[in-house]
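So the structure is just underneath, and the comments pick up after that.
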Amino acid sequence: MHNKLTDFLATEIKSLHDQKLFKTERIIESAQGAEIIVKGKKALNFCANNYLGLSSHPDLIKAAHEEIESRGYGLSSVRFICGTQDIHKVLEAKISKFLGMEDTILFSSCFDANGALFEPLLGENDAIISDALNHASIIDGIRLCKAQRWAYKHGDMRDVEEIDPATDKMAKGLERCLIEAKNCRFRMIATDGSFSMDGDIAKLKEICDLAEKYDAIVMVDDSHSTGFLGKTGRGTHEYRDVMGRVDIITTTFGKALGGASGGCISGPKEVIDWLRNKARPYLFSNTVPPAVVGATIKVMDLLMASTDLRDKLERNTKYFRTKMTEAGFDIVAGEHPIVPIMFGKYPDCSKLAVEFANKMLEEGIYVIAFSFPVVAKGKDRIRVQISAGHEMEHIDKAITAFTKVGKELGMIK
Ligand SMILES: *Cc1c(COP(=O)(O)O)cnc(C)c1O
């Protein structure tokens, strides 16, 4: 079974190990939740995208069971041959209502949704203008499409082109890109709603204003926002008060909305009808299974009936951010439940962050360190993710552990 390719890969893999870049996976021996079991020991989980604590919620598990009983395990078909059930249409309608959009199309993942979106809608006479820090799936989706491409410096709304000191390369602001693309037939601005490394939130108000000024379409991937950002949890468009001004939203069911799998695109009816006919990951990939559809319908019902979960997440996040700042940690300011604890100002910060995360697990707190090349050099961090599944005592335990380890490693007094 060994050949030139496997020999080549063995060398490459060794090089990853040598550079400490090889990704190893820690194994969880329980259900996903606030309390998990890692290496036979209990730990409190502070690194899942389980923002609303729904991953193992009894109502979702019950709803998934019920749909397995009534609609079966799988569809063995794509949607347009014989893979659409009544429940798929129910879910699409509920998501549309929740997000305030006309119609919705389901995919097996948001990665697939972003892979599906651009190519059928835009051609070589069109422009896609993308935030430089957009998610890999947006970048790949754009690669599949023949449209002309612009990238604007992360979050930079201006009509400028200048050297970016972070990269030493020329970088443009969004307005400059829009001006350069003014002769294209259609212009689409693509952005993450919330960015996963810093937990910063796209300036959708400014983006929508510029889109109106330059006749562009706005696409937001709200995977790290849907279900909890905004006062009723609709997402970044609610948080930034631009509901009705964002044209297309893609999002995942694999984070706050239960955490299993699945994703969707929501937008104008014509866009969704067109994608049902032309989007390759929809036409040539299997239907989302009934269990996932049933549980996600339950999520929509829960979130439209009450804001309790997103309210609790907001309280937990505020509390954690305030207490960690008081303890003396360097935290990227903001309101998102992604809370980056920064290590850049300490000597040997990459090693320090890894050592810190390992010591935290000994204290029963599961957090992960991120270093170059996942984040820029000197931006080493532990990324904490707060959940509505955390109780006050969980958060207090995490703060106590952070403080203890921070003192041991000489980071705080
Ligand atoms: C997680 C994520 C995705 C991928 O979602 P899946 O449903 O897991 O494929 C896409 N976009 C963004 C912004 C994400 O954070």
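Residue numbers start at 1 in each chain; chains themselves are named A, B, ... in the order of the structure tokens; ligands are numbered from 1 in the order shown.
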Can you pull out every residue with an atom within 9 Å of ligand 1? Use only C-alpha atoms and all ligand atoms and format it as a PyMOL selection string. chain A and resi 49+107-114+134-138+191-196+220-225+250-255+259-264
Pick from A:Phe186, A:Tyr282, A:Tyr51, A:Phe8 nearest to Val384 of chain A, counting only C-alpha atoms: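 Of A:Phe186, A:Tyr282, A:Tyr51, A:Phe8, the one nearest Val384 of chain A is A:Tyr51, counting only C-alpha atoms.
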Between A:Phe329, A:Tyr346, A:Phe228, A:Phe320, which is the closest to Ser306 of chain A once you count only C-alpha atoms?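 Checking each candidate against Ser306 of chain A, we get A:Phe228 as the closest.
With only C-alpha atoms as the basis for measurement, A:Leu361 is the residue among A:Val405, A:Asn3, A:Leu361, A:Leu121 that approaches Ile37 of chain A most closely.
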Quick one, how far is atom CA of Met188 of chain A from atom CA of Val218 of chain A?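 According to the coordinates, atom CA of Met188 of chain A and atom CA of Val218 of chain A are separated by 5.8 Å.
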